[in-house]
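Encoded as structure tokens, the structure appears first; notes follow it.
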Amino acid sequence: MTVIALGALILVLLLVGTWEYQLHQTVLEKLPNRIHVNGSRGKSSVVRLIAAGLRAGGFRTLAKVTGTSPRVIDFSGNDRIIHRLRSPSIGEQLRLLRTFSKENPDYIVIECMAVMPEYQWVSEHKMLKSDVSVITNVRMDHVDEMGYTMEDITRSLANTVPENGKIITTTSPTSNIIKDKSIDNKSEYFEVSGDQIQSDMMTKFPYLEHNENVALALEVCKQAGVEEKTALSGMYQSTPDPGALQ
């Protein structure tokens with residue numbers, strides 16, 4: 001390949017990259033409220049609870065879970081199964097955001113697909129650029145990718161703490177790492193506990209749900225201006241993830 005041909009190829013790639021970047025910024029501008037849910041366990045459940053609470057509050061909300069079965073949850077709370085023709089990839093999120101932007105939602109709630117720390121960072125800071133990010137919990141999970149200590153795993157998950165946004169997480173021995181990252185990223189930090197949820201709130205769920213998941217979802221809805229009673233009424237009607245225990 002000649003020097004001229006190589007230079008032309010590089011120029012084309014730069015132009016395509018610039019065009020893709022500008023297109024993505026336009027997509028994000030059409031999605032005014034973006035919520036990103038990461039964590040070791042419970043991501044799909046928390047996405048569903050948040051979306052249900054926001055819908056009950058009158059917001060047009062679209063959501064996407066990866067969980068047991070990848071699905072989009074529409075404005076009415078119905079599941080649409082995602083049929084993949086290739087292996088799962090975080091690039092799927094870009095295509096999904098473009099689709100969502102055409103439907104003019106008030107909120108979108110997206111489950112983080114990435115496991116590798118660097119991909120988690122890309123998912124948040126290059127793809128979604130969320131206004132609110134949630135880290136459900138920190139567990140000894142995916143240790144080969146995220147590290148063999150609770151501290152390492154927490155640092156990995158903290159890659160989705162947004163810039164100039166809000167981060168909501170649960171109380172844990174390593175939550176100070178997430179709090180420090182929120183300070184670095186100039187984001188507001190909110191910490192909740194399952195102890196905040198009264199037992200009578202949980203008995204109305206028709207499936208097994210966890211106090212911490214409900215606490216997280218209620219805090220997100222509170223930040224959006226949805227009253228607790230209203231948000232809970234929507235959550236009780238939400239469709240559980242296919243892997244949830246009845």
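Every chain in the structure tokens has a letter given in the order shown (A, B, ...), and although residue numbers restart at 1 in each chain, ligands are simply numbered from 1 in the order shown.
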
Write down as a PyMOL selection string the residues of region 3-226 of chain A whose backbone DSSP state falls under strand (DSSP E).
chain A and resi 34-38+61-65+71-73+79-81+107-111+132-135+166-170+188-192

So that I can check the secondary structure, give me every residue of region 7-199 of chain A assigned alpha helix (DSSP H) by backbone DSSP, as a count of residues only.
77

Excluding same-chain residues fewer than 5 positions from Leu94 (chain A), what lies within 10 Å of it counting only C-alpha atoms, as a ChimeraX atom specification?
/A:24,27,99-100,123,127-128

Restricting it to N, CA, C and O atoms, dump the selection as a PDB file, in the first residue's frame.
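File selection01.pdb, as written:
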```pdb
ATOM      1  N   HIS A  24     -24.006  10.153  17.483  1.00  0.00           N
ATOM      2  CA  HIS A  24     -24.327   9.659  18.821  1.00  0.00           C
ATOM      3  C   HIS A  24     -24.694  10.812  19.752  1.00  0.00           C
ATOM      4  O   HIS A  24     -25.603  10.672  20.586  1.00  0.00           O
ATOM      5  N   VAL A  27     -28.218  11.623  19.177  1.00  0.00           N
ATOM      6  CA  VAL A  27     -29.070  10.609  19.795  1.00  0.00           C
ATOM      7  C   VAL A  27     -29.246  10.901  21.282  1.00  0.00           C
ATOM      8  O   VAL A  27     -30.367  10.873  21.812  1.00  0.00           O
ATOM      9  N   THR A  99     -32.569   3.513  18.537  1.00  0.00           N
ATOM     10  CA  THR A  99     -33.974   3.117  18.426  1.00  0.00           C
ATOM     11  C   THR A  99     -34.822   3.857  19.452  1.00  0.00           C
ATOM     12  O   THR A  99     -35.896   4.380  19.134  1.00  0.00           O
ATOM     13  N   PHE A 100     -34.351   3.922  20.693  1.00  0.00           N
ATOM     14  CA  PHE A 100     -35.081   4.608  21.757  1.00  0.00           C
ATOM     15  C   PHE A 100     -35.282   6.094  21.435  1.00  0.00           C
ATOM     16  O   PHE A 100     -36.323   6.675  21.734  1.00  0.00           O
ATOM     17  N   SER A 123     -18.924   2.028  28.472  1.00  0.00           N
ATOM     18  CA  SER A 123     -20.386   1.985  28.466  1.00  0.00           C
ATOM     19  C   SER A 123     -20.990   3.243  29.081  1.00  0.00           C
ATOM     20  O   SER A 123     -21.993   3.769  28.587  1.00  0.00           O
ATOM     21  N   MET A 127     -20.728   5.905  25.860  1.00  0.00           N
ATOM     22  CA  MET A 127     -21.996   5.496  25.254  1.00  0.00           C
ATOM     23  C   MET A 127     -23.213   6.161  25.900  1.00  0.00           C
ATOM     24  O   MET A 127     -23.932   6.921  25.265  1.00  0.00           O
ATOM     25  N   LEU A 128     -23.453   5.876  27.173  1.00  0.00           N
ATOM     26  CA  LEU A 128     -24.699   6.315  27.805  1.00  0.00           C
ATOM     27  C   LEU A 128     -24.624   7.716  28.399  1.00  0.00           C
ATOM     28  O   LEU A 128     -25.573   8.484  28.313  1.00  0.00           O
TER      29      LEU A 128
END
```

Give me the residues within 7 Å of Met146 (chain A) as a list in words, counting only C-alpha atoms and dropping any in the same chain fewer than 4 places off.
Met116, Pro117, His142, Asp152, Ile153 and Ser156 of chain A

Can you tell me which residues surround Gln237 (chain A) at a distance of at most 8 Å, considering only C-alpha atoms, apart from same-chain residues fewer than 3 positions away, and format the answer as number ranges by chain?
A: 52, 233-234

Keeping only N, CA, C and O atoms, write the selected residues as a PDB file, in the first residue's frame.
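What ended up in part16.pdb:
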```
ATOM      1  N   ALA A  52     -40.884   0.734  36.270  1.00  0.00           N
ATOM      2  CA  ALA A  52     -42.278   0.639  36.701  1.00  0.00           C
ATOM      3  C   ALA A  52     -42.671   1.822  37.578  1.00  0.00           C
ATOM      4  O   ALA A  52     -43.782   2.372  37.449  1.00  0.00           O
ATOM      5  N   SER A 233     -46.813   1.520  43.874  1.00  0.00           N
ATOM      6  CA  SER A 233     -47.987   0.963  43.195  1.00  0.00           C
ATOM      7  C   SER A 233     -47.612   0.452  41.815  1.00  0.00           C
ATOM      8  O   SER A 233     -48.125  -0.578  41.352  1.00  0.00           O
ATOM      9  N   GLY A 234     -46.712   1.161  41.150  1.00  0.00           N
ATOM     10  CA  GLY A 234     -46.241   0.704  39.847  1.00  0.00           C
ATOM     11  C   GLY A 234     -45.356  -0.522  39.962  1.00  0.00           C
ATOM     12  O   GLY A 234     -45.464  -1.455  39.152  1.00  0.00           O
TER      13      GLY A 234
END
```

Between A:Glu163, A:Glu151, A:Glu191, A:Glu29, smallest distance to Ala215 (chain A) by only C-alpha atoms belongs to A:Glu191

At what distance in Å, to one decimal, does CA of Asp79 (chain A) lie from CA of Pro242 (chain A)?
10.5 Å
